[in-house]
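Q: Mind looking over this structure? Questions follow.
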Amino acid sequence: MELKNMLRDLCIAAGVNGCREAADVAARYLSDFTEEIHRDRLGNVWGFLRSDIPDAPTLLLEAHIDEIGFTVTQIDDNGFLHVAPCGGVDNRALSAAPITVLSDPPCNGVFCATPIHLAKDDAPLTELTERGIDVGLSAEEAKVRIPLGTRAVFAAHFEELLNDRVCSKALDNRAGVAAILYALSLLKGQSLPCNVVAAFCVQEELGLRGAKTAAFGIRPDAAIVVDVSFAHTPDADKASCGTLGGGVMLGISPILDKNMTDSLRDLAENQKLPLQCEVMGETTGTNADAVSVTADGVSTALLSIPLKFMHTPAEVVSLRDVETVSRLIAAFVAKGEVSGRA
């Protein structure tokens, strides 16, 4: 399996909440490893890799499949669309940003941007609900073609940068999805000491909703959640960030299982996989928070991929970091340290 091409396919697909395209792409890749593919009512998709050992414990590998986006709320008299956010959209990155409106058929648009020549020096940042989107239609045409409630996403693109970097929308968290799928490719054909369930959950950007229902339905004994976290840029607080290209960011938090975290750290050292620690004083802000308290509790660890420019149309990750996460997951599964319920 070629990691870069798989990641491209995942990122280009639309996956704002309410849209199934990204989950469909993930399910297609998942079918290479298992015939047991399930979906629930929210749109989560997961597949089982069964161990040959009777009553083997179950390890959940989870990454959210949804992306930030928009919902059309109004079409004004000039034909401009107005939208509400689906998730934590960075308003600073919207001026002149190309988008795709997921109408039938889809249409391209661009967020309006006041030319600098006409902008006042002290003008405040325009709020999202006040921004227009130009799709090139009159008000009458737009109201026929684009029903209110239609979703929109940042326009699909996928560029290769230097030094094994890639730039795209939705790398949060298609990079995590790709890491899990690539880990499954590394495990393919091996005798597994535990059952493995790979789950790609929706509605993380709306409050960790999909992971709650998926984990409850799967009832795993342990879980590794894969997400992205902040990579350092010159304008960011270095103490709050990891290093792009520095390897997996291992989550350390009171809500995470210390034994699993220690085991992953030891494995990374033994396998000579680059690792950096991400210490959080409380919860993690990821699906690990929801998974760990599902039913009677799930031992949970968190692996994150360093990412620049989060929640913008041009996120950046290192393919080496994504592969490092995959190799660490595969090593953890092969070592067989998942314990069943007492």
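In the structure tokens, chains take letters A, B, ... by order of appearance, with residues numbered from 1 within each chain and ligands from 1 in the order shown.
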Near Asn108 (chain A), counting only C-alpha atoms, which residues have an atom at most 8 Å away, once you skip same-chain residues fewer than 3 positions from it, shown as an MDAnalysis selection string?
A: chainID A and resid 98:101 135 155
Q: Per residue of region 72-160 of chain A within 12 Å of region 292-311 of chain A, record the nearest atom pair and its distance in Å to one decimal, counting only C-alpha atoms, with rows in chain order and ascending residue number, as CSV.
A:
```
residue,atom,partner,partner_atom,distance
A:Pro85,CA,A:His311,CA,11.6
A:Cys86,CA,A:His311,CA,11.3
A:Gly87,CA,A:His311,CA,9.0
A:Gly88,CA,A:His311,CA,7.0
A:Val89,CA,A:His311,CA,5.9
A:Asp90,CA,A:His311,CA,6.0
A:Asn91,CA,A:His311,CA,9.5
A:Arg92,CA,A:His311,CA,10.3
A:Ala93,CA,A:His311,CA,8.7
A:Leu94,CA,A:His311,CA,10.6
A:Val153,CA,A:His311,CA,11.5
A:Phe154,CA,A:His311,CA,10.2
```
Q: Within region 181-274 of chain A, find each residue whose DSSP state, derived from the backbone, is alpha helix (DSSP H), and express the selection as a ChimeraX atom specification.
A: /A:181-187,209-218,258-270
Q: Find the residues around Cys112 (chain A) up to 10 Å (only C-alpha atoms counted), leave out those fewer than 5 positions away in its own chain, and share them as a ChimeraX atom specification.
A: /A:80-81,94-98,131-134
Q: Store the residues of this selection in a file with N, CA and C atoms, as a PDB file, in the first residue's frame.
A:
```pdb
ATOM      1  N   PHE A  80     -24.922  36.047  -3.154  1.00  0.00           N
ATOM      2  CA  PHE A  80     -23.843  35.556  -2.295  1.00  0.00           C
ATOM      3  C   PHE A  80     -24.407  34.591  -1.248  1.00  0.00           C
ATOM      4  N   LEU A  81     -23.673  33.488  -1.013  1.00  0.00           N
ATOM      5  CA  LEU A  81     -24.065  32.538   0.013  1.00  0.00           C
ATOM      6  C   LEU A  81     -23.512  32.997   1.359  1.00  0.00           C
ATOM      7  N   LEU A  94     -10.024  32.662   5.934  1.00  0.00           N
ATOM      8  CA  LEU A  94     -11.118  32.518   4.977  1.00  0.00           C
ATOM      9  C   LEU A  94     -11.080  33.501   3.820  1.00  0.00           C
ATOM     10  N   SER A  95     -10.457  34.646   3.956  1.00  0.00           N
ATOM     11  CA  SER A  95     -10.489  35.645   2.875  1.00  0.00           C
ATOM     12  C   SER A  95      -9.931  35.057   1.582  1.00  0.00           C
ATOM     13  N   ALA A  96     -10.778  35.058   0.549  1.00  0.00           N
ATOM     14  CA  ALA A  96     -10.426  34.571  -0.796  1.00  0.00           C
ATOM     15  C   ALA A  96     -10.136  33.072  -0.830  1.00  0.00           C
ATOM     16  N   ALA A  97     -10.565  32.341   0.197  1.00  0.00           N
ATOM     17  CA  ALA A  97     -10.328  30.891   0.202  1.00  0.00           C
ATOM     18  C   ALA A  97     -11.296  30.196  -0.756  1.00  0.00           C
ATOM     19  N   PRO A  98     -10.806  29.364  -1.667  1.00  0.00           N
ATOM     20  CA  PRO A  98     -11.696  28.602  -2.555  1.00  0.00           C
ATOM     21  C   PRO A  98     -12.430  27.511  -1.779  1.00  0.00           C
ATOM     22  N   ARG A 131     -19.593  37.068   6.081  1.00  0.00           N
ATOM     23  CA  ARG A 131     -18.830  36.880   4.843  1.00  0.00           C
ATOM     24  C   ARG A 131     -19.735  36.326   3.752  1.00  0.00           C
ATOM     25  N   GLY A 132     -19.548  36.789   2.546  1.00  0.00           N
ATOM     26  CA  GLY A 132     -20.254  36.220   1.409  1.00  0.00           C
ATOM     27  C   GLY A 132     -19.383  35.201   0.692  1.00  0.00           C
ATOM     28  N   ILE A 133     -20.038  34.265   0.012  1.00  0.00           N
ATOM     29  CA  ILE A 133     -19.352  33.315  -0.863  1.00  0.00           C
ATOM     30  C   ILE A 133     -19.882  33.524  -2.263  1.00  0.00           C
ATOM     31  N   ASP A 134     -18.995  33.770  -3.199  1.00  0.00           N
ATOM     32  CA  ASP A 134     -19.360  34.015  -4.592  1.00  0.00           C
ATOM     33  C   ASP A 134     -19.250  32.714  -5.368  1.00  0.00           C
TER      34      ASP A 134
END
```
Q: Determine, for each residue of region 18-102 of chain A having at least one atom at most 10 Å from an atom of region 168-172 of chain A, the closest pair of atoms and their separation in Å to one decimal, counting only C-alpha atoms; order by chain and ascending number, as CSV.
A:
```
residue,atom,partner,partner_atom,distance
A:Ala63,CA,A:Asp172,CA,9.7
A:His64,CA,A:Asp172,CA,8.4
A:Ile65,CA,A:Asp172,CA,8.4
A:Asp66,CA,A:Ala170,CA,8.1
A:Glu67,CA,A:Ala170,CA,5.5
A:Ile68,CA,A:Ala170,CA,7.6
A:Gly69,CA,A:Ala170,CA,9.6
```
Q: I'd like the interatomic distance between CA of Leu42 (chain A) and CA of Thr213 (chain A), to a tenth of an Å.
A: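 So the answer is 8.1 Å.
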Q: Measuring atom to atom with only C-alpha atoms, identify which of A:Leu49, A:Glu204, A:Cys277, A:Glu127 is nearest to Glu36 (chain A).
A: A:Leu49
Q: Of the residues A:Val338, A:Val196, A:Cys107, A:Ala331, which is the one nearest to Arg145 (chain A), using only C-alpha atoms?
A: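 Among the listed residues, the smallest separation from Arg145 (chain A) belongs to A:Cys107.
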Q: Please identify every residue of region 84-200 of chain A that has at least one atom no farther than 8 Å from an atom of region 216-240 of chain A, counting only C-alpha atoms, and for each give the shortest atom pair and the distance in Å to one decimal, arranged by chain then increasing number, as JSON lines.
A:
```
{"residue": "A:Asp172", "atom": "CA", "partner": "A:Val228", "partner_atom": "CA", "distance": 6.1}
{"residue": "A:Asn173", "atom": "CA", "partner": "A:Asp227", "partner_atom": "CA", "distance": 5.9}
{"residue": "A:Ala175", "atom": "CA", "partner": "A:Val228", "partner_atom": "CA", "distance": 7.5}
{"residue": "A:Gly176", "atom": "CA", "partner": "A:Asp227", "partner_atom": "CA", "distance": 5.2}
{"residue": "A:Val177", "atom": "CA", "partner": "A:Val226", "partner_atom": "CA", "distance": 7.7}
{"residue": "A:Ala179", "atom": "CA", "partner": "A:Val226", "partner_atom": "CA", "distance": 7.9}
{"residue": "A:Ile180", "atom": "CA", "partner": "A:Val226", "partner_atom": "CA", "distance": 7.8}
```
Q: I need the residues in region 136-233 of chain A that are strand (DSSP E) according to DSSP; give them as a short mmCIF file (atom, residue, chain, number, x, y, z; two decimals) with N, CA and C atoms, in the first residue's frame.
A:
```
data_model
loop_
_atom_site.label_atom_id
_atom_site.label_comp_id
_atom_site.auth_asym_id
_atom_site.auth_seq_id
_atom_site.Cartn_x
_atom_site.Cartn_y
_atom_site.Cartn_z
N ARG A 151 -24.09 21.55 2.53
CA ARG A 151 -22.76 21.63 3.12
C ARG A 151 -21.75 22.18 2.12
N ALA A 152 -20.66 22.72 2.65
CA ALA A 152 -19.54 23.18 1.83
C ALA A 152 -18.25 22.85 2.54
N VAL A 153 -17.18 22.64 1.76
CA VAL A 153 -15.86 22.33 2.32
C VAL A 153 -14.81 23.16 1.59
N PHE A 154 -13.63 23.26 2.19
CA PHE A 154 -12.52 23.87 1.48
C PHE A 154 -12.25 23.08 0.21
N PHE A 158 -4.03 18.72 -3.10
CA PHE A 158 -3.03 17.90 -2.41
C PHE A 158 -1.70 18.17 -3.08
N GLU A 159 -0.82 18.89 -2.39
CA GLU A 159 0.47 19.25 -2.95
C GLU A 159 1.60 18.59 -2.17
N GLU A 160 2.63 18.19 -2.89
CA GLU A 160 3.84 17.69 -2.26
C GLU A 160 4.81 18.84 -2.06
N ARG A 165 7.10 16.48 2.98
CA ARG A 165 5.89 17.13 3.49
C ARG A 165 4.80 17.11 2.43
N VAL A 166 3.55 17.11 2.89
CA VAL A 166 2.41 17.28 2.00
C VAL A 166 1.48 18.34 2.59
N CYS A 167 0.73 19.00 1.70
CA CYS A 167 -0.17 20.09 2.09
C CYS A 167 -1.55 19.81 1.51
N SER A 168 -2.58 19.94 2.34
CA SER A 168 -3.94 19.65 1.89
C SER A 168 -4.93 20.19 2.90
N ASN A 195 -7.82 -9.30 18.95
CA ASN A 195 -8.69 -8.78 17.89
C ASN A 195 -8.37 -7.29 17.71
N VAL A 196 -8.40 -6.84 16.47
CA VAL A 196 -8.15 -5.44 16.17
C VAL A 196 -9.37 -4.88 15.44
N VAL A 197 -9.87 -3.76 15.94
CA VAL A 197 -10.97 -3.06 15.29
C VAL A 197 -10.47 -1.68 14.87
N ALA A 198 -10.52 -1.39 13.58
CA ALA A 198 -10.16 -0.07 13.08
C ALA A 198 -11.44 0.72 12.84
N ALA A 199 -11.58 1.83 13.55
CA ALA A 199 -12.82 2.62 13.49
C ALA A 199 -12.50 4.05 13.08
N PHE A 200 -13.29 4.55 12.13
CA PHE A 200 -13.15 5.92 11.65
C PHE A 200 -14.47 6.65 11.95
N CYS A 201 -14.37 7.58 12.88
CA CYS A 201 -15.57 8.14 13.50
C CYS A 201 -15.89 9.54 13.00
N ALA A 222 -9.16 -2.19 25.12
CA ALA A 222 -8.18 -1.11 25.11
C ALA A 222 -8.31 -0.37 23.79
N ALA A 223 -7.73 0.83 23.74
CA ALA A 223 -7.85 1.64 22.52
C ALA A 223 -6.61 2.49 22.34
N ILE A 224 -6.24 2.67 21.09
CA ILE A 224 -5.25 3.68 20.70
C ILE A 224 -5.97 4.66 19.79
N VAL A 225 -6.06 5.90 20.22
CA VAL A 225 -6.66 6.96 19.42
C VAL A 225 -5.55 7.69 18.68
N VAL A 226 -5.76 7.93 17.39
CA VAL A 226 -4.77 8.64 16.57
C VAL A 226 -5.39 9.93 16.07
N ASP A 227 -4.72 11.04 16.34
CA ASP A 227 -5.20 12.35 15.88
C ASP A 227 -3.98 13.16 15.47
N VAL A 228 -4.19 14.45 15.22
CA VAL A 228 -3.09 15.36 14.92
C VAL A 228 -2.94 16.33 16.10
N SER A 229 -1.77 16.93 16.19
CA SER A 229 -1.55 17.97 17.18
C SER A 229 -0.67 19.05 16.58
N PHE A 230 -0.36 20.06 17.37
CA PHE A 230 0.26 21.27 16.85
C PHE A 230 1.75 21.06 16.59
#
```
